[in-house]
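Asks: For reference, this is entry10.txt, and it has compact mmCIF, C-alpha atoms.
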# COMPACT_ATOMS: atom_id res chain seq x y z
CA MET Q 1 0.00 0.00 0.00
CA ARG Q 2 1.40 3.40 -0.99
CA LYS Q 3 2.13 5.95 1.73
CA ARG Q 4 0.65 9.39 1.19
CA LYS Q 5 1.86 12.81 2.29
CA TYR Q 6 -0.68 15.51 3.12
CA THR Q 7 0.37 19.16 2.80
CA PRO Q 8 -2.32 21.77 3.62
CA LEU Q 9 -2.15 25.05 1.73
CA SER Q 10 -2.13 28.39 3.51
CA ASN Q 11 -5.63 29.33 2.36
CA ASP Q 12 -7.07 25.91 3.36
CA ASP Q 13 -8.90 25.66 0.04
CA TYR Q 14 -7.07 22.52 -1.05
CA VAL Q 15 -4.64 19.99 0.31
CA HIS Q 16 -1.67 18.62 -1.62
CA ILE Q 17 -1.77 14.84 -1.33
CA THR Q 18 1.08 12.87 -2.84
CA ASP Q 19 1.99 9.19 -2.93
CA ASP Q 20 5.38 8.04 -1.65
CA ASP Q 21 6.76 8.31 -5.21
CA GLY Q 22 5.75 11.98 -5.41
CA THR Q 23 2.72 11.54 -7.66
CA PRO Q 24 -0.12 13.90 -6.66
CA VAL Q 25 -3.25 11.96 -5.77
CA ALA Q 26 -6.50 12.37 -7.73
CA LEU Q 27 -9.32 12.69 -5.21
CA ILE Q 28 -12.76 11.65 -6.44
CA HIS Q 29 -15.41 14.24 -5.60
CA ASN Q 30 -18.32 13.36 -7.88
CA ILE Q 31 -19.73 10.27 -9.57
CA VAL Q 32 -22.51 10.35 -12.15
CA ALA Q 33 -24.40 7.07 -12.24
CA THR Q 34 -27.65 5.77 -13.72
CA THR Q 35 -30.01 3.37 -12.02
CA GLN Q 36 -33.00 1.58 -13.50
CA VAL Q 37 -35.92 1.53 -11.09
CA TRP Q 38 -38.53 -1.12 -11.84
CA SER Q 39 -42.15 -0.35 -11.02
CA ASN Q 40 -45.30 -2.38 -11.49
CA ILE Q 41 -47.00 0.79 -12.76
CA LEU Q 42 -45.42 2.60 -15.69
CA PRO Q 43 -45.09 5.39 -16.58
CA ILE Q 44 -44.30 6.56 -13.06
CA ASN Q 45 -46.60 9.36 -11.91
CA LEU Q 46 -44.03 12.05 -11.17
CA GLN Q 47 -46.59 14.68 -10.23
CA HIS Q 48 -47.99 12.45 -7.48
CA ILE Q 49 -44.48 11.70 -6.23
CA ALA Q 50 -43.66 15.42 -6.13
CA ASP Q 51 -46.84 16.06 -4.13
CA VAL Q 52 -45.96 13.55 -1.40
CA LEU Q 53 -42.17 13.21 -1.44
CA PRO Q 54 -40.13 15.64 0.70
CA ASN Q 55 -37.05 17.38 -0.75
CA SER Q 56 -38.31 16.97 -4.31
CA TYR Q 57 -39.07 19.40 -7.12
CA TYR Q 58 -40.97 18.86 -10.36
CA ASP Q 59 -41.97 21.24 -13.14
CA ARG Q 60 -42.92 19.20 -16.19
CA GLN Q 61 -43.13 22.32 -18.33
CA ARG Q 62 -39.40 22.90 -17.85
CA PHE Q 63 -37.90 19.43 -17.45
CA ALA Q 64 -39.09 15.84 -17.88
CA ALA Q 65 -37.75 14.53 -14.56
CA ILE Q 66 -38.38 15.10 -10.87
CA THR Q 67 -35.41 16.27 -8.78
CA ILE Q 68 -34.92 14.39 -5.50
CA ARG Q 69 -32.31 15.37 -2.89
CA ILE Q 70 -31.12 13.19 -0.03
CA GLN Q 71 -28.61 13.82 2.74
CA ASN Q 72 -27.20 10.40 3.61
CA PRO Q 73 -25.38 9.83 1.37
CA THR Q 74 -25.42 13.35 -0.07
CA CYS Q 75 -26.88 13.01 -3.53
CA THR Q 76 -29.12 14.71 -6.08
CA ALA Q 77 -31.16 12.45 -8.32
CA LEU Q 78 -33.32 12.87 -11.41
CA LEU Q 79 -36.18 10.39 -11.78
CA PHE Q 80 -37.92 9.99 -15.15
CA THR Q 81 -41.31 8.43 -15.89
CA SER Q 82 -39.53 5.42 -17.43
CA GLY Q 83 -37.90 4.61 -14.09
CA LYS Q 84 -34.48 5.87 -15.14
CA LEU Q 85 -32.70 7.48 -12.18
CA VAL Q 86 -29.64 9.70 -12.70
CA LEU Q 87 -27.48 10.17 -9.59
CA THR Q 88 -24.93 12.95 -9.01
CA GLY Q 89 -22.88 13.95 -5.98
CA CYS Q 90 -21.81 10.54 -4.68
CA ARG Q 91 -18.11 9.91 -4.06
CA GLY Q 92 -18.00 6.15 -4.31
CA TRP Q 93 -19.66 3.14 -5.94
CA MET Q 94 -21.25 2.01 -2.68
CA GLU Q 95 -22.65 5.49 -2.10
CA CYS Q 96 -24.38 5.27 -5.51
CA ILE Q 97 -25.97 1.96 -4.55
CA LEU Q 98 -27.01 3.23 -1.12
CA ALA Q 99 -28.48 6.39 -2.63
CA SER Q 100 -30.50 4.32 -5.12
CA LEU Q 101 -31.82 2.06 -2.36
CA HIS Q 102 -32.60 5.05 -0.15
CA ILE Q 103 -34.65 6.73 -2.89
CA VAL Q 104 -36.52 3.50 -3.66
CA GLN Q 105 -37.36 3.11 0.03
CA MET Q 106 -38.75 6.65 0.04
CA LEU Q 107 -40.84 5.90 -3.06
CA ARG Q 108 -42.25 2.79 -1.37
CA ARG Q 109 -42.99 4.68 1.86
CA TYR Q 110 -44.91 7.47 0.16
CA ASN Q 111 -46.52 5.26 -2.50
CA PRO Q 112 -47.58 2.17 -0.54
CA HIS Q 113 -49.76 0.80 -3.34
CA VAL Q 114 -47.00 0.87 -5.97
CA GLU Q 115 -44.01 -1.48 -6.14
CA PHE Q 116 -40.47 -0.18 -6.77
CA MET Q 117 -37.19 -2.07 -7.09
CA VAL Q 118 -33.60 -1.28 -8.10
CA ILE Q 119 -32.59 -3.59 -10.94
CA ASP Q 120 -29.42 -1.98 -12.32
CA ASN Q 121 -26.78 0.60 -11.39
CA THR Q 122 -24.08 1.81 -13.78
CA ILE Q 123 -21.36 4.45 -13.37
CA GLN Q 124 -21.35 6.86 -16.32
CA ASN Q 125 -18.60 9.28 -15.30
CA ILE Q 126 -16.18 9.91 -12.44
CA VAL Q 127 -14.80 13.37 -11.71
CA ALA Q 128 -11.67 13.83 -9.59
CA HIS Q 129 -9.46 16.73 -8.57
CA VAL Q 130 -5.67 16.95 -8.39
CA CYS Q 131 -3.82 19.75 -6.62
CA THR Q 132 -0.27 19.64 -7.97
CA PRO Q 133 2.40 21.00 -5.59
CA LEU Q 134 3.92 24.07 -7.26
CA ALA Q 135 7.01 25.76 -5.89
CA GLN Q 136 6.75 29.50 -5.28
CA GLY Q 137 7.00 31.43 -8.53
CA THR Q 138 6.12 28.47 -10.75
CA LYS Q 139 2.97 27.62 -12.67
CA LEU Q 140 1.56 25.00 -14.97
CA ASP Q 141 2.48 26.48 -18.36
CA LEU Q 142 -0.62 25.86 -20.44
CA ASP Q 143 0.74 27.74 -23.46
CA ALA Q 144 3.78 25.46 -23.65
CA MET Q 145 1.58 22.41 -23.14
CA TYR Q 146 -0.68 23.50 -25.98
CA GLN Q 147 2.26 24.11 -28.30
CA ALA Q 148 3.65 20.64 -27.59
CA HIS Q 149 0.37 18.68 -27.66
CA GLY Q 150 -2.01 20.87 -29.64
CA VAL Q 151 -3.56 17.94 -31.50
CA GLN Q 152 -4.89 16.50 -28.23
CA CYS Q 153 -5.73 19.86 -26.65
CA THR Q 154 -8.51 22.41 -26.70
CA TYR Q 155 -7.37 25.76 -25.36
CA GLN Q 156 -9.18 29.06 -25.81
CA PRO Q 157 -8.20 31.21 -22.82
CA GLN Q 158 -10.42 34.08 -23.96
CA LEU Q 159 -13.45 31.79 -23.46
CA PHE Q 160 -12.31 29.41 -20.70
CA PRO Q 161 -9.15 29.57 -18.55
CA GLY Q 162 -8.51 25.83 -18.58
CA LEU Q 163 -6.75 23.64 -21.13
CA ILE Q 164 -8.63 20.46 -22.03
CA TYR Q 165 -6.26 17.61 -22.78
CA ARG Q 166 -7.63 14.44 -24.40
CA PRO Q 167 -4.74 11.96 -24.52
CA ASP Q 168 -4.70 9.14 -27.05
CA ASN Q 169 -5.51 5.64 -25.78
CA SER Q 170 -6.64 6.88 -22.38
CA PRO Q 171 -10.09 6.70 -20.75
CA ILE Q 172 -9.67 10.06 -19.00
CA VAL Q 173 -9.64 13.74 -19.93
CA LEU Q 174 -7.69 16.42 -18.05
CA ILE Q 175 -8.79 20.01 -17.52
CA CYS Q 176 -5.65 21.90 -16.49
CA PHE Q 177 -5.26 25.37 -14.96
CA TYR Q 178 -2.26 27.67 -14.45
CA SER Q 179 -2.66 27.28 -10.67
CA GLY Q 180 -1.77 23.60 -10.92
CA ASN Q 181 -5.32 22.49 -10.20
CA ILE Q 182 -6.40 19.71 -12.55
CA VAL Q 183 -9.81 18.12 -13.05
CA VAL Q 184 -9.67 14.46 -14.09
CA THR Q 185 -12.86 13.23 -15.74
CA GLY Q 186 -14.17 10.59 -18.13
CA GLY Q 187 -13.41 7.50 -16.04
CA LYS Q 188 -15.93 4.71 -15.63
CA CYS Q 189 -14.23 3.22 -12.55
CA THR Q 190 -11.72 4.32 -9.92
CA ALA Q 191 -8.95 2.40 -11.70
CA ASP Q 192 -9.49 4.56 -14.81
CA ILE Q 193 -8.90 7.68 -12.72
CA GLU Q 194 -6.00 6.42 -10.62
CA GLN Q 195 -4.07 4.58 -13.33
CA GLY Q 196 -4.90 7.08 -16.07
CA TRP Q 197 -3.67 10.01 -14.00
CA ARG Q 198 -0.55 8.17 -12.83
CA LYS Q 199 0.45 7.56 -16.46
CA LEU Q 200 -0.13 11.20 -17.42
CA TRP Q 201 1.57 12.84 -14.44
CA PRO Q 202 5.12 12.59 -15.93
CA LEU Q 203 3.88 14.47 -19.01
CA VAL Q 204 2.09 17.16 -17.00
CA ARG Q 205 5.12 17.58 -14.70
CA GLN Q 206 7.23 18.67 -17.71
CA PHE Q 207 5.19 21.88 -17.98
CA ILE Q 208 5.55 23.07 -14.38
CA LEU Q 209 7.85 26.04 -14.98
Render the structure in this file as structure tokens.
Replies:
Amino acid sequence: MRKRKYTPLSNDDYVHITDDDGTPVALIHNIVATTQVWSNILPINLQHIADVLPNSYYDRQRFAAITIRIQNPTCTALLFTSGKLVLTGCRGWMECILASLHIVQMLRRYNPHVEFMVIDNTIQNIVAHVCTPLAQGTKLDLDAMYQAHGVQCTYQPQLFPGLIYRPDNSPIVLICFYSGNIVVTGGKCTADIEQGWRKLWPLVRQFIL
């Protein structure tokens, strides 16, 4: 098991976390997953659910799903009439499953005459954050990175301050900023994030100047 070093920053906004080999750690902070909820009555009556379910919001004129928020685990979900449930805000696979089960229990409690059951749960995207340790006076040189890898990059600083790097033969995408903060996205499992970032770190490190 790798040892990790934690270095808090002066403003307490982020913490540098590095493995024993010096690789900054990608911390997962959001998972987008989809769950299929089976019901014996389809389509699901979202208006009725919105009327009885706490912490929910539904406006069918603006969006086709009801928004449901739960606290444990912290999650926001979108439920469609087909039974499709989109989960955001979880930080782990088990949290996604627990959130799905929690929402189904709520649906059963407030709709006692309708059956609900979780039959599938799939991760669609994992988003992680890396805080690279920059020495004083250095930055992540996005201009140099774009010049060297322009084919794989999208960089329009007048529209968005980050450089989007889509490496070949990799499941992940990096969104890099001058500050050294990097968003790692596109993974379908934690191994995609961890291994994908570990392979790309030597390349990114070249542009810390």
Asks: Counting all atoms listed in the file, which residue out of Q:Phe63, Q:Asp21, Q:Leu27, Q:Glu115 sits closest to Ile41 (chain Q)?
Replies: Q:Glu115
Asks: Would you kindly return, as a PDB file with C-alpha atoms, keeping the file's coordinate frame, each protein, DNA or RNA residue with an atom no farther than 9 Å from any atom of region 134-147 of chain Q, considering all atoms listed in the file and excluding same-chain residues fewer than 5 positions away?
Replies:
ATOM      1  CA  GLN Q 152      -4.890  16.500 -28.230  1.00  0.00           C
ATOM      2  CA  CYS Q 153      -5.730  19.860 -26.650  1.00  0.00           C
ATOM      3  CA  THR Q 154      -8.510  22.410 -26.700  1.00  0.00           C
ATOM      4  CA  TYR Q 155      -7.370  25.760 -25.360  1.00  0.00           C
ATOM      5  CA  GLY Q 162      -8.510  25.830 -18.580  1.00  0.00           C
ATOM      6  CA  LEU Q 163      -6.750  23.640 -21.130  1.00  0.00           C
ATOM      7  CA  TYR Q 165      -6.260  17.610 -22.780  1.00  0.00           C
ATOM      8  CA  CYS Q 176      -5.650  21.900 -16.490  1.00  0.00           C
ATOM      9  CA  PHE Q 177      -5.260  25.370 -14.960  1.00  0.00           C
ATOM     10  CA  TYR Q 178      -2.260  27.670 -14.450  1.00  0.00           C
ATOM     11  CA  SER Q 179      -2.660  27.280 -10.670  1.00  0.00           C
ATOM     12  CA  GLY Q 180      -1.770  23.600 -10.920  1.00  0.00           C
ATOM     13  CA  ASN Q 181      -5.320  22.490 -10.200  1.00  0.00           C
ATOM     14  CA  VAL Q 204       2.090  17.160 -17.000  1.00  0.00           C
ATOM     15  CA  ARG Q 205       5.120  17.580 -14.700  1.00  0.00           C
ATOM     16  CA  GLN Q 206       7.230  18.670 -17.710  1.00  0.00           C
ATOM     17  CA  PHE Q 207       5.190  21.880 -17.980  1.00  0.00           C
ATOM     18  CA  ILE Q 208       5.550  23.070 -14.380  1.00  0.00           C
ATOM     19  CA  LEU Q 209       7.850  26.040 -14.980  1.00  0.00           C
TER      20      LEU Q 209
END
Asks: Mind dumping a table of every region 36-69 of chain Q residue within 9 Å of region 89-108 of chain Q, with the nearest atom pair and its distance in Å to one decimal, using all atoms listed in the file, sorted by chain and rising number, as a Markdown table?
Replies:
| residue | atom | partner | partner_atom | distance |
| --- | --- | --- | --- | --- |
| Q:Val37 | CA | Q:Val104 | CA | 7.7 |
| Q:Ile49 | CA | Q:Leu107 | CA | 7.5 |
| Q:Leu53 | CA | Q:Met106 | CA | 7.5 |
| Q:Ile68 | CA | Q:Ile103 | CA | 8.1 |
| Q:Arg69 | CA | Q:Ile103 | CA | 9.0 |
Asks: Only C-alpha atoms, please: the residues just picked out, written as a CSV table (one decimal), in the coordinates of the input.
Replies:
chain,number,residue,atom,x,y,z
Q,37,VAL,CA,-35.9,1.5,-11.1
Q,49,ILE,CA,-44.5,11.7,-6.2
Q,53,LEU,CA,-42.2,13.2,-1.4
Q,68,ILE,CA,-34.9,14.4,-5.5
Q,69,ARG,CA,-32.3,15.4,-2.9
Asks: Please put the answer as JSON: centre and edge lengths, in Å with one decimal, of a box along x, y and z that encloses all listed atoms of region 49-63 of chain Q plus 6 Å on each side.
Replies:
{"center_x": -41.9, "center_y": 17.3, "center_z": -8.8, "size_x": 21.8, "size_y": 23.2, "size_z": 31.0}
Asks: With all atoms listed in the file as the atoms that count, which of Q:Ile175, Q:Trp201, Q:Thr74, Q:Asn169 lies nearest to Gly22 (chain Q)?
Replies: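 Going through Q:Ile175, Q:Trp201, Q:Thr74, Q:Asn169 one by one, the smallest distance to Gly22 (chain Q) is for Q:Trp201.
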Asks: Enter the distance from CA of Ile31 (chain Q) to CA of Leu200 (chain Q), in Å, rounded to one decimal.
Replies: 21.1 Å
Asks: Record the distance separating CA of Val183 (chain Q) and CA of His129 (chain Q), expressed in Å with one decimal.
Replies: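 A separation of 4.7 Å between them.
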Asks: Mind giving me the straight-line distance from CA of Val127 (chain Q) to CA of Leu203 (chain Q) in Å, one decimal?
Replies: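 Distance reported for this atom pair: 20.1 Å.
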Asks: Nearest to Lys199 (chain Q): which of Q:Pro54, Q:Pro167, Q:Pro157, Q:Pro73 is it, counting all atoms listed in the file?
Replies: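 Going through Q:Pro54, Q:Pro167, Q:Pro157, Q:Pro73 one by one, the smallest distance to Lys199 (chain Q) is for Q:Pro167.
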Asks: Leaving out Leu46 (chain Q) and any residue of its chain fewer than 3 positions from it, which residues lie within 8 Å of it when counting all atoms listed in the file, given as a list in words?
Replies: Ile49, Ala50, Tyr58, Ala65, Ile66, Phe80 and Thr81 of chain Q
Asks: Nearest residue to Met117 (chain Q) out of Q:Thr35, Q:Ala148, Q:Ile172, Q:Leu79, using all atoms listed in the file?
Replies: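 Looking at the shortest contact to Met117 (chain Q), the residue is Q:Thr35.
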